[in-house]
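Text of entry_24.cif, listed as mmCIF, C-alpha atoms and all ligand atoms:
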data_protein
#
loop_
_atom_site.label_atom_id
_atom_site.label_comp_id
_atom_site.auth_asym_id
_atom_site.auth_seq_id
_atom_site.Cartn_x
_atom_site.Cartn_y
_atom_site.Cartn_z
CA MET A 1 84.85 61.16 164.71
CA LYS A 2 87.52 63.38 166.26
CA ILE A 3 91.20 62.52 166.05
CA PRO A 4 92.31 62.83 169.66
CA GLY A 5 94.78 65.64 170.33
CA SER A 6 94.18 67.44 167.03
CA PHE A 7 91.68 69.62 165.20
CA PHE A 8 91.04 66.88 162.66
CA GLU A 9 87.90 64.81 162.29
CA VAL A 10 87.40 61.82 160.05
CA GLN A 11 84.20 60.59 158.48
CA LEU A 12 82.83 58.22 155.88
CA VAL A 13 79.95 59.23 153.65
CA LEU A 14 78.03 57.45 150.97
CA ASN A 15 77.92 59.67 147.91
CA GLY A 16 75.74 58.08 145.26
CA GLU A 17 77.29 54.69 144.75
CA LEU A 18 80.67 55.66 146.18
CA ILE A 19 82.00 55.52 149.71
CA GLU A 20 84.02 58.62 150.43
CA PHE A 21 86.55 59.08 153.17
CA GLN A 22 86.97 62.62 154.38
CA ILE A 23 89.33 64.33 156.77
CA LEU A 24 88.02 67.61 158.10
CA ASN A 25 89.79 70.43 159.82
CA ARG A 26 87.35 72.54 161.88
CA ALA A 27 84.43 71.38 159.71
CA VAL A 28 86.23 72.07 156.42
CA VAL A 29 87.03 69.06 154.23
CA GLU A 30 90.80 68.98 153.73
CA TYR A 31 91.19 65.58 152.22
CA GLN A 32 88.79 63.33 150.37
CA ILE A 33 89.02 60.08 148.44
CA SER A 34 86.58 57.51 147.11
CA VAL A 35 87.39 54.28 148.83
CA MET A 36 87.17 50.88 147.19
CA ASP A 37 89.07 49.01 149.83
CA PHE A 38 89.44 49.80 153.53
CA GLU A 39 93.19 49.31 153.19
CA GLU A 40 93.34 52.62 151.38
CA ILE A 41 92.21 54.36 154.58
CA GLU A 42 94.64 52.38 156.69
CA PHE A 43 97.34 53.63 154.41
CA ASP A 44 96.21 57.22 153.84
CA LEU A 45 95.21 58.28 157.35
CA PRO A 46 98.58 57.72 159.08
CA GLU A 47 100.29 59.35 156.14
CA PHE A 48 98.01 62.37 156.32
CA LEU A 49 98.54 62.70 160.06
CA GLU A 50 102.26 62.50 159.66
CA GLU A 51 102.27 65.14 156.96
CA ASN A 52 100.26 67.37 159.26
CA HIS A 53 102.55 66.73 162.22
CA VAL A 54 99.95 64.97 164.34
CA SER A 55 101.57 62.17 166.28
CA LEU A 56 99.07 59.69 167.62
CA PRO A 57 100.01 56.76 169.87
CA LYS A 58 99.68 53.49 167.97
CA ASN A 59 96.78 52.12 170.02
CA ARG A 60 94.79 55.37 169.59
CA LEU A 61 95.26 55.22 165.85
CA GLU A 62 94.17 51.60 165.82
CA ASN A 63 91.11 52.56 167.81
CA VAL A 64 90.14 55.19 165.27
CA LEU A 65 90.74 52.76 162.41
CA GLN A 66 88.67 50.06 164.08
CA GLN A 67 85.69 52.38 164.50
CA LEU A 68 86.09 53.53 160.91
CA GLU A 69 86.18 49.98 159.66
CA GLY A 70 82.90 49.26 161.46
CA GLU A 71 81.31 52.25 159.75
CA TYR A 72 82.87 51.22 156.46
CA LEU A 73 81.29 47.78 156.59
CA GLU A 74 77.89 49.28 157.29
CA LEU A 75 78.22 51.66 154.36
CA GLN A 76 79.29 48.79 152.13
CA GLN A 77 76.01 47.04 152.90
CA GLN A 78 74.07 50.18 152.00
CA GLN A 79 76.16 50.48 148.85
CA GLU A 80 75.24 46.94 147.86
CA LYS A 81 71.56 47.79 148.31
CA ILE A 82 71.90 50.84 146.06
CA ARG A 83 73.66 48.78 143.40
CA HIS A 84 70.96 46.19 143.57
CA GLN A 85 68.28 48.86 143.13
CA GLN A 86 70.16 50.29 140.17
CA MET A 87 70.39 46.87 138.57
CA THR A 88 66.64 46.45 138.94
CA GLN A 89 66.01 49.89 137.52
CA TYR A 90 68.27 49.02 134.61
CA GLN A 91 66.35 45.83 133.95
CA GLN A 92 63.08 47.78 134.04
CA SER A 93 64.44 50.41 131.70
CA GLN A 94 65.37 47.61 129.31
CA GLN A 95 61.67 46.94 128.92
CA ASN A 96 60.65 50.43 127.92
CA ILE A 97 63.53 51.01 125.56
CA ILE A 98 64.96 54.49 125.75
CA THR A 99 66.56 55.97 122.69
CA TYR A 100 68.92 58.92 122.55
CA GLU A 101 69.07 58.72 118.83
CA SER A 102 70.35 62.00 117.67
CA GLN A 103 72.53 64.29 119.67
CA LYS A 104 73.35 67.69 118.36
CA VAL A 105 76.37 69.49 119.71
CA LEU A 106 76.79 73.17 118.94
CA LEU A 107 80.49 73.98 118.81
CA MET A 108 81.06 77.74 118.94
CA GLY A 109 83.03 80.54 120.56
CA SER A 110 86.42 82.04 119.83
CA SER A 111 89.44 80.56 118.13
CA GLY A 112 90.33 76.86 118.17
CA LYS A 113 87.11 75.16 117.04
CA SER A 114 88.28 73.65 113.77
CA SER A 115 91.53 72.52 115.35
CA ILE A 116 89.70 70.81 118.19
CA TYR A 117 87.37 69.05 115.78
CA GLN A 118 90.18 67.86 113.54
CA VAL A 119 92.40 66.68 116.38
CA ILE A 120 89.62 64.68 118.02
CA PHE A 121 87.77 63.34 114.98
CA GLU A 122 90.20 63.43 112.12
CA SER A 123 93.32 62.32 113.98
CA LYS A 124 95.20 65.41 112.92
CA SER A 125 98.32 66.26 114.83
CA PRO A 126 98.22 69.65 116.59
CA TYR A 127 100.92 70.98 114.24
CA GLU A 128 98.77 70.28 111.20
CA THR A 129 96.22 72.83 112.48
CA PHE A 130 98.60 75.80 112.38
CA SER A 131 97.56 76.95 108.94
CA LEU A 132 93.85 76.13 108.91
CA PRO A 133 91.84 78.56 106.80
CA PRO A 134 89.25 80.46 108.84
CA THR A 135 85.79 78.87 108.90
CA LYS A 136 83.19 81.31 107.68
CA LYS A 137 79.89 79.46 107.60
CA VAL A 138 78.43 76.87 109.95
CA ILE A 139 79.66 73.36 109.07
CA LYS A 140 77.69 70.27 109.95
CA HIS A 141 79.63 67.10 110.73
CA ASN A 142 77.72 63.86 111.02
CA ILE A 143 79.06 60.82 112.82
CA GLU A 144 77.10 57.61 113.04
CA PHE A 145 77.89 54.92 115.51
CA ALA A 146 76.27 51.92 117.10
CA ALA A 147 75.27 52.52 120.67
CA MET A 148 76.04 50.00 123.35
CA THR A 149 73.44 51.13 125.84
CA SER A 150 70.15 49.52 126.68
CA ALA A 151 68.80 51.46 123.73
CA SER A 152 70.90 49.40 121.33
CA ARG A 153 70.20 51.63 118.43
CA LYS A 154 72.17 53.44 115.86
CA GLN A 155 73.23 56.77 117.25
CA ASN A 156 73.89 59.87 115.35
CA LEU A 157 76.19 62.55 116.59
CA ALA A 158 75.84 65.85 114.77
CA ILE A 159 78.45 68.48 115.47
CA LEU A 160 77.58 71.93 114.26
CA GLU A 161 80.71 73.98 113.99
CA ALA A 162 80.07 77.70 113.93
CA GLY A 163 82.13 80.09 111.85
CA SER A 164 83.31 83.53 112.72
CA GLU A 165 79.81 84.89 113.19
CA PHE A 166 77.52 84.24 116.11
CA PRO A 167 75.21 81.41 114.93
CA ALA A 168 71.62 82.23 114.06
CA PRO A 169 68.88 81.12 116.48
CA GLU A 170 67.86 78.21 114.22
CA HIS A 171 71.25 76.62 114.79
CA PHE A 172 70.33 76.26 118.44
CA ASP A 173 67.21 74.35 117.46
CA GLN A 174 67.09 70.96 119.19
CA ALA A 175 70.74 71.33 120.26
CA SER A 176 71.42 69.00 123.14
CA ILE A 177 74.82 70.32 124.11
CA LEU A 178 76.56 73.66 123.95
CA LEU A 179 80.32 73.43 123.60
CA PHE A 180 81.74 76.91 123.85
CA ILE A 181 85.43 77.52 123.15
CA ILE A 182 87.28 80.43 124.70
CA ASP A 183 90.71 81.36 123.39
CA ALA A 184 92.35 82.11 126.72
CA PHE A 185 95.18 83.95 125.02
CA GLU A 186 93.00 86.52 123.34
CA VAL A 187 92.64 88.89 126.27
CA SER A 188 91.30 91.78 124.21
CA ASN A 189 88.27 89.70 123.26
CA TYR A 190 87.31 88.48 126.76
CA GLU A 191 84.46 90.89 127.30
CA ASN A 192 82.86 90.27 123.93
CA ILE A 193 83.24 86.51 124.19
CA ARG A 194 81.80 86.45 127.71
CA TYR A 195 78.77 88.27 126.38
CA GLN A 196 78.47 85.69 123.57
CA LEU A 197 78.80 82.79 125.98
CA HIS A 198 75.88 83.95 128.11
CA GLN A 199 73.79 84.81 125.05
CA ALA A 200 74.42 81.32 123.70
CA ILE A 201 73.32 79.77 126.99
CA LYS A 202 70.08 81.72 126.88
CA LEU A 203 69.44 80.63 123.28
CA LEU A 204 70.21 77.01 124.14
CA LYS A 205 67.70 77.11 126.99
CA TYR A 206 65.08 78.53 124.70
CA HIS A 207 65.60 76.55 121.47
CA GLY A 208 67.64 73.57 122.56
CA LYS A 209 66.60 70.18 123.85
CA ARG A 210 68.18 69.08 127.09
CA PRO A 211 68.88 65.31 126.90
CA ALA A 212 66.07 63.60 128.79
CA HIS A 213 68.34 61.14 130.55
CA LEU A 214 70.34 63.84 132.34
CA GLN A 215 70.11 63.98 136.10
CA ASP A 216 69.21 67.30 137.70
CA SER A 217 72.79 67.83 138.78
CA GLN A 218 74.17 67.30 135.27
CA SER A 219 74.52 70.20 132.89
CA ASN A 220 74.67 70.23 129.11
CA ILE A 221 76.65 73.48 128.96
CA PHE A 222 80.39 73.08 128.43
CA CYS A 223 83.06 75.67 128.09
CA PHE A 224 86.66 74.90 127.18
CA ILE A 225 89.16 77.50 128.29
CA HIS A 226 91.44 76.76 125.40
CA LYS A 227 95.12 77.16 124.41
CA MET A 228 96.18 76.70 128.01
CA ASP A 229 99.57 75.50 126.76
CA LEU A 230 100.43 79.16 126.20
CA PHE A 231 100.40 79.92 129.93
CA PRO A 232 103.23 79.00 132.27
CA ASN A 233 100.91 79.26 135.31
CA SER A 234 97.94 77.58 133.68
CA ALA A 235 96.25 76.35 136.87
CA GLU A 236 95.96 79.84 138.40
CA GLN A 237 95.06 81.31 135.06
CA PHE A 238 92.29 78.78 134.63
CA GLU A 239 90.83 79.51 138.04
CA SER A 240 90.66 83.23 137.49
CA LEU A 241 89.22 82.83 133.98
CA VAL A 242 86.49 80.53 135.27
CA LYS A 243 85.53 83.23 137.75
CA TYR A 244 85.50 85.85 135.04
CA PHE A 245 83.47 83.86 132.51
CA ARG A 246 80.92 82.46 134.96
CA TYR A 247 79.72 85.96 135.62
CA ASP A 248 76.90 87.12 133.38
CA PRO A 249 76.96 90.95 133.44
CA GLU A 250 73.55 91.26 131.82
CA ALA A 251 71.85 89.21 134.51
CA ASP A 252 74.33 90.36 137.18
CA ALA A 253 74.58 86.73 138.25
CA VAL A 254 77.06 83.92 138.42
CA ASN A 255 76.13 80.91 136.27
CA LEU A 256 77.01 77.73 138.11
CA GLU A 257 75.66 75.50 135.35
CA ILE A 258 78.68 75.89 133.08
CA ASN A 259 81.16 73.01 133.13
CA PHE A 260 84.57 74.56 132.56
CA PHE A 261 87.65 72.64 131.44
CA PRO A 262 91.19 73.83 130.73
CA THR A 263 92.20 72.50 127.31
CA SER A 264 94.98 72.44 124.77
CA ILE A 265 95.38 70.42 121.58
CA PHE A 266 99.00 69.82 122.57
CA ASP A 267 98.23 67.45 125.43
CA SER A 268 95.60 64.97 126.68
CA SER A 269 93.44 67.69 128.19
CA ILE A 270 91.41 68.11 124.99
CA TYR A 271 90.49 64.41 124.94
CA SER A 272 89.65 64.19 128.60
CA ALA A 273 87.47 67.30 128.39
CA TRP A 274 85.74 65.83 125.33
CA ALA A 275 85.19 62.59 127.23
CA LYS A 276 83.27 64.60 129.84
CA VAL A 277 81.02 66.03 127.12
CA VAL A 278 80.45 62.58 125.72
CA GLU A 279 79.53 61.25 129.14
CA VAL A 280 76.63 63.67 129.27
CA MET A 281 75.65 62.85 125.70
CA MET A 282 75.41 59.18 126.32
CA PRO A 283 75.51 57.72 129.80
CA LYS A 284 77.70 54.70 130.26
CA SER A 285 75.68 51.58 130.66
CA SER A 286 75.50 50.51 134.28
CA LYS A 287 75.28 46.85 133.30
CA LEU A 288 78.43 47.03 131.19
CA ASN A 289 80.17 49.00 133.93
CA ALA A 290 79.40 46.22 136.35
CA LEU A 291 80.84 43.68 133.90
CA SER A 292 84.01 45.74 133.49
CA ASN A 293 84.36 45.77 137.22
CA GLN A 294 83.98 42.01 137.39
CA LEU A 295 86.66 41.56 134.79
CA LYS A 296 88.98 43.92 136.63
CA GLU A 297 88.48 42.03 139.89
CA ALA A 298 88.79 38.59 138.31
CA LEU A 299 92.08 39.34 136.58
CA GLY A 300 93.59 41.66 139.18
CA LEU A 301 93.77 44.68 136.86
CA TYR A 302 94.08 48.33 137.80
CA ALA A 303 91.45 49.37 135.31
CA THR A 304 89.52 48.22 132.29
CA LEU A 305 87.46 50.25 129.88
CA ILE A 306 85.96 50.19 126.43
CA ILE A 307 86.14 53.16 124.12
CA GLU A 308 84.43 53.84 120.81
CA LYS A 309 87.31 54.92 118.65
CA ARG A 310 85.82 57.52 116.33
CA THR A 311 83.93 59.51 118.93
CA GLY A 312 86.18 58.90 121.94
CA LEU A 313 83.04 57.68 123.61
CA PRO A 314 83.71 55.69 126.78
CA ILE A 315 81.23 52.83 126.55
CA CYS A 316 81.93 51.51 130.00
CA ALA A 317 84.64 51.47 132.62
CA SER A 318 85.51 49.67 135.79
CA LYS A 319 85.81 51.65 139.00
CA THR A 320 89.32 52.93 139.22
CA LEU A 321 91.36 55.30 141.31
CA LEU A 322 92.38 57.01 138.08
CA ASP A 323 90.12 59.49 136.36
CA ASP A 324 88.56 57.46 133.54
CA SER A 325 88.12 60.46 131.27
CA VAL A 326 91.88 60.96 131.46
CA LEU A 327 92.36 57.29 130.57
CA VAL A 328 90.09 57.71 127.56
CA GLY A 329 91.94 60.81 126.41
CA SER A 330 95.39 59.38 126.88
CA THR A 331 94.52 56.12 125.16
CA ASN A 332 93.17 57.99 122.15
CA ARG A 333 96.39 59.95 121.92
CA VAL A 334 98.56 56.85 122.07
CA LEU A 335 96.42 55.14 119.46
CA ILE A 336 96.51 58.10 117.07
CA ALA A 337 100.27 58.38 117.44
CA ILE A 338 100.74 54.69 116.66
CA GLU A 339 98.36 54.69 113.71
CA LYS A 340 100.22 57.64 112.26
CA VAL A 341 103.62 55.97 112.23
CA LEU A 342 102.52 52.46 111.21
CA PRO A 343 102.65 53.17 107.44
CA GLU A 344 106.31 54.06 107.81
CA TYR A 345 106.88 50.43 108.80
CA GLU A 346 104.63 49.38 105.91
CA LEU A 347 102.14 48.10 108.44
CA ALA A 348 98.39 48.62 108.42
CA GLY A 349 95.29 47.49 110.31
CA LEU A 350 96.38 47.85 113.93
CA LYS A 351 94.90 45.02 116.01
CA ASP A 352 96.43 45.41 119.42
CA PHE A 353 99.43 46.76 121.27
CA ARG A 354 101.03 46.47 124.65
CA ILE A 355 103.29 48.85 126.49
CA ASN A 356 105.41 47.32 129.23
CA ALA A 357 106.56 49.81 131.83
CA ALA A 358 108.51 49.13 135.01
CA THR A 359 105.44 49.85 137.12
CA GLY A 360 102.75 48.26 134.98
CA VAL A 361 101.35 47.36 131.60
CA LEU A 362 98.99 49.11 129.21
CA GLU A 363 97.32 46.79 126.75
CA VAL A 364 94.86 47.83 124.05
CA LYS A 365 92.90 45.44 121.87
CA LEU A 366 90.84 46.68 118.96
CA PHE A 367 87.69 44.79 118.08
CA HIS A 368 84.64 45.11 115.86
CA GLN A 369 86.33 47.83 113.82
CA TYR A 370 85.63 50.76 116.10
CA TYR A 371 85.98 49.55 119.66
CA MET A 372 89.00 49.38 121.91
CA LEU A 373 89.40 47.35 125.05
CA VAL A 374 91.89 49.02 127.37
CA LEU A 375 93.55 47.09 130.17
CA LEU A 376 95.88 48.57 132.73
CA TYR A 377 97.55 46.17 135.11
CA PRO A 378 100.48 45.52 137.46
CA PRO A 379 103.71 44.11 135.98
CA HIS A 380 103.44 40.70 137.66
CA ILE A 381 100.09 39.85 136.02
CA ASN A 382 100.17 37.63 132.97
CA LEU A 383 97.12 37.71 130.72
CA ASN A 384 98.40 35.10 128.30
CA ASP A 385 97.26 32.07 130.25
CA VAL A 386 94.19 30.13 129.18
CA HIS A 387 92.06 31.32 132.09
CA SER A 388 92.65 35.04 131.44
CA GLN A 389 92.31 34.66 127.68
CA LYS A 390 88.97 32.95 128.16
CA LYS A 391 87.71 35.72 130.46
CA LEU A 392 88.79 38.38 127.99
CA THR A 393 87.14 36.64 125.06
CA GLU A 394 83.93 36.21 127.04
CA PHE A 395 84.00 39.85 128.02
CA ILE A 396 84.39 41.04 124.43
CA GLU A 397 81.63 38.68 123.30
CA THR A 398 79.22 40.05 125.89
CA MET A 399 80.08 43.55 124.71
CA LEU A 400 79.44 42.61 121.11
CA ASN A 401 76.09 41.16 122.01
CA SER A 402 75.13 44.46 123.55
CA ILE A 403 75.79 46.42 120.38
N1 LIG B 501 98.76 77.23 121.21
C1 LIG B 501 97.62 76.69 120.81
N2 LIG B 501 97.14 76.99 119.58
C2 LIG B 501 95.98 76.41 119.19
C3 LIG B 501 95.30 75.49 120.02
N3 LIG B 501 94.18 75.11 119.36
C4 LIG B 501 94.17 75.74 118.18
N4 LIG B 501 95.26 76.55 118.07
C5 LIG B 501 95.62 77.40 116.92
O1 LIG B 501 94.69 78.45 116.79
C6 LIG B 501 94.56 78.84 115.44
C7 LIG B 501 93.11 78.98 115.05
O2 LIG B 501 92.48 77.74 115.15
P1 LIG B 501 91.18 77.30 114.34
O3 LIG B 501 90.88 75.92 114.74
O4 LIG B 501 91.32 77.59 112.90
O5 LIG B 501 90.09 78.30 114.99
P2 LIG B 501 88.56 78.47 114.57
O6 LIG B 501 88.50 79.76 113.87
O7 LIG B 501 87.82 78.54 115.87
O8 LIG B 501 88.15 77.31 113.76
C8 LIG B 501 95.31 77.77 114.61
O9 LIG B 501 96.50 78.33 114.18
C9 LIG B 501 95.57 76.65 115.60
O10 LIG B 501 96.78 75.98 115.34
C10 LIG B 501 95.86 75.17 121.31
O11 LIG B 501 95.35 74.38 122.10
N5 LIG B 501 97.03 75.81 121.63
MG MG B 502 87.53 77.21 111.93
#

Just dump the structure as structure tokens.
Amino acid sequence: MKIPGSFFEVQLVLNGELIEFQILNRAVVEYQISVMDFEEIEFDLPEFLEENHVSLPKNRLENVLQQLEGEYLELQQQQEKIRHQQMTQYQQSQQNIITYESQKVLLMGSSGKSSIYQVIFESKSPYETFSLPPTKKVIKHNIEFAAMTSASRKQNLAILEAGSEFPAPEHFDQASILLFIIDAFEVSNYENIRYQLHQAIKLLKYHGKRPAHLQDSQSNIFCFIHKMDLFPNSAEQFESLVKYFRYDPEADAVNLEINFFPTSIFDSSIYSAWAKVVEVMMPKSSKLNALSNQLKEALGLYATLIIEKRTGLPICASKTLLDDSVLVGSTNRVLIAIEKVLPEYELAGLKDFRINAATGVLEVKLFHQYYMLVLLYPPHINLNDVHSQKKLTEFIETMLNSI
């Protein structure tokens, strides 16, 4: 629909399960959000128009909004249908139990691998990695954890950490994920490392085992452009490095399958990038996502999610306007920081914590040894009343039953 007196058009589209609101300028999308409530559009559109110096008489704007709301309601109905279908599919999949028992991640590339592993899995602080001895041979790390998917089985996560040499073909055997690290600061090694990256992808395709549950659009090839903290203009740097490393000179082609992330062990980026890898390794359960959403709605929260502590695995999350992989990463960082200082107070066995900020509250409850329930909510909400406590207990119990 055109915005009268401007080059802008607005439209709503259903993308998977999400309703997206887009503002286009001469057929190019300039603004896009996933909408969970029509009010967001009522708020964003006038603001966008104002920023772009389009002044629209009030009644015209209302007209546009009214038409949009009509479309929105229709899309909501379609959305409901899709959700219903997914629920049914989930119930069917329950019957022919799927197992993703062992996942093998091949961690290779240039410098930063051991640091990344130790920061994520061994709760090391970035500064403790400064004097790591170089890794020569391939190291195999094994992490076992209980899955909370329909499979309800013990899962095994094997991380194969390569040393200074390019791993032998047998290390690619049955690998489900390639996690390739590029030291962005080592400019003299770019060409060599780009060659290695594309060789590794070819070996993964040949010897590896793509997880069966992946959708066609999902890729199991990840590349962290690492040590981004060393660049003052990291966003631009990242963009140009992605261009450089996507290109495979041997094939004279651009590989669009690689998922690139800018990372650094000095901020949350390493955790949020890892959360994206984990998402591909084990899909979040749609049933548990739906439950998280119900809890969020019932208690008026901004977001709720459950994270497996050791792996940083997001088990499920409510829909939120925030990026949930960032929430996972940031929560892990806060938790690690707290667990590190507790002994200094002669305290041990962290059970929960709450951070009250002027604009909201972050509350984290640990349960069943390795799981964390994360709640993010507005300052006026009180979760200490009987009703909320009951809902929270029920929620955790349902989660436990799904383990
Ligand atoms: N500035 C910066 N240094 C890092 C980062 N990650 C790792 N390093 C440093 O890079 C060096 C080599 O890391 P290491 O993990 O041993 O590399 P590996 O050979 O791939 O295992 C260490 O001194 C780390 O402290 C990062 O994100 N930023
Ligand atoms: Mg190493």

If you measure from atom CA of A:Asn401 to atom CA of A:Trp274, what distance in Å do you get, rounded to one decimal?
26.7 Å

Expected selection as a short mmCIF file (atom, residue, chain, number, x, y, z; two decimals) with C-alpha atoms, in the coordinates of the input for ligand LIG 501 (chain B) within 6 Å, all atoms listed in the file:
data_model
loop_
_atom_site.label_atom_id
_atom_site.label_comp_id
_atom_site.auth_asym_id
_atom_site.auth_seq_id
_atom_site.Cartn_x
_atom_site.Cartn_y
_atom_site.Cartn_z
CA SER A 110 86.42 82.04 119.83
CA SER A 111 89.44 80.56 118.13
CA GLY A 112 90.33 76.86 118.17
CA LYS A 113 87.11 75.16 117.04
CA SER A 114 88.28 73.65 113.77
CA SER A 115 91.53 72.52 115.35
CA THR A 129 96.22 72.83 112.48
CA PHE A 130 98.60 75.80 112.38
CA SER A 131 97.56 76.95 108.94
CA LEU A 132 93.85 76.13 108.91
CA PRO A 134 89.25 80.46 108.84
CA THR A 135 85.79 78.87 108.90
CA HIS A 226 91.44 76.76 125.40
CA LYS A 227 95.12 77.16 124.41
CA ASP A 229 99.57 75.50 126.76
CA LEU A 230 100.43 79.16 126.20
CA SER A 264 94.98 72.44 124.77
CA ILE A 265 95.38 70.42 121.58
CA PHE A 266 99.00 69.82 122.57
#

If we count only C-alpha atoms, what is near A:Tyr31 at a cut-off of 9 Å, once residues fewer than 5 positions away on the same chain are taken out, given as an MDAnalysis selection string?
chainID A and resid 21:24 48

Would you mind exporting the chosen residues as a short mmCIF file (atom, residue, chain, number, x, y, z; two decimals), keeping the file's coordinate frame, restricted to C-alpha atoms?
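Listing of result_21.cif after writing:
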data_model
loop_
_atom_site.label_atom_id
_atom_site.label_comp_id
_atom_site.auth_asym_id
_atom_site.auth_seq_id
_atom_site.Cartn_x
_atom_site.Cartn_y
_atom_site.Cartn_z
CA PHE A 21 86.55 59.08 153.17
CA GLN A 22 86.97 62.62 154.38
CA ILE A 23 89.33 64.33 156.77
CA LEU A 24 88.02 67.61 158.10
CA PHE A 48 98.01 62.37 156.32
#

Put a box with edges along x, y and z around all the listed atoms of stretch 251-257 of chain A, pad it by 8 Å on each side, then give me its centre and sizes in Å, one decimal, as AutoDock Vina command-line options.
--center_x 74.5 --center_y 82.9 --center_z 136.5 --size_x 21.2 --size_y 30.9 --size_z 19.9

A:Phe8, A:Phe261, A:Tyr117, A:Phe238 ranked by distance to ligand MG 502 (chain B), top pick (using only C-alpha atoms and all ligand atoms)
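Smallest distance to ligand MG 502 (chain B) is found for A:Tyr117.
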
May I have the residues within 9 Å of stretch 310-313 of chain A as an MDAnalysis selection string, using all atoms listed in the file and disregarding those fewer than 6 positions away in the same chain?
chainID A and resid 120:122 143 145 157 271 274:275 278:279 282 328:329 332 370:371

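Of the listed residues (A:Val28, A:Ile336, A:Leu350, A:Leu362), A:Leu362 comes nearest to A:Ala303; the distances count all atoms listed in the file.
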
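Counting all atoms listed in the file, the residue from A:Ile41, A:Val29, A:Leu106, A:Val138 that sits nearest to ligand MG 502 (chain B) is A:Val138.
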
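Counting all atoms listed in the file, A:Ser292 has the following residues at most 10 Å away, ignoring those fewer than 6 positions along the same chain: A:Ser286, A:Ala298, A:Ala303, A:Thr304, A:Leu305, A:Ile306, A:Cys316, A:Ala317, A:Ser318, A:Lys319, A:Phe395, A:Met399.
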
Just to confirm, what's the straight-line distance from atom CA of A:Leu342 to atom CA of A:Leu322 in Å (one decimal)?
29.1 Å

With only C-alpha atoms as the counted atoms, please give the residues lying no more than 8 Å from stretch 207-210 of chain A, apart from itself and same-chain residues fewer than 2 positions off, as JSON, numbers by chain.
{"A": [169, 170, 172, 173, 174, 175, 176, 177, 203, 204, 205, 212, 214, 220]}

Residue nearest ligand MG 502 (chain B) - candidates A:Asn142, A:Gln118, A:Ser268, A:Asn356, atoms counted: all atoms listed in the file:
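Once distances to ligand MG 502 (chain B) are computed over all atoms listed in the file, the minimum belongs to A:Gln118.
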
Between A:Asn384, A:Asn233, A:Ser164, A:Thr320, which one has atoms that come closest to ligand MG 502 (chain B), using all atoms listed in the file?
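Residue with the minimum atom-to-atom distance to ligand MG 502 (chain B): A:Ser164.
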
In Å, how far is it from atom CA of A:Glu186 to atom CA of A:Ser272?
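Those two atoms sit 23.2 Å apart.
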
For ligand MG 502 (chain B), which of A:Leu75, A:Asn289, A:Leu107, A:Glu344 is the closest residue, counting all atoms listed in the file?
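Of all the options, A:Leu107 lies closest to ligand MG 502 (chain B).
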
Show me the residues around (99.9, 57.7, 120.7) - criterion: an atom at most 12 Å away, all atoms listed in the file counted - as a VMD selection string.
chain A and resid 123 to 125 267 to 268 328 to 342 353 to 355 364

Excluding stretch 191-198 of chain A and residues on its chain fewer than 2 positions from it, collect all residues at most 8 Å away from it, counting only C-alpha atoms, and give them as a ChimeraX atom specification.
/A:109-110,166,180,182,188-189,200-202,245,248-249
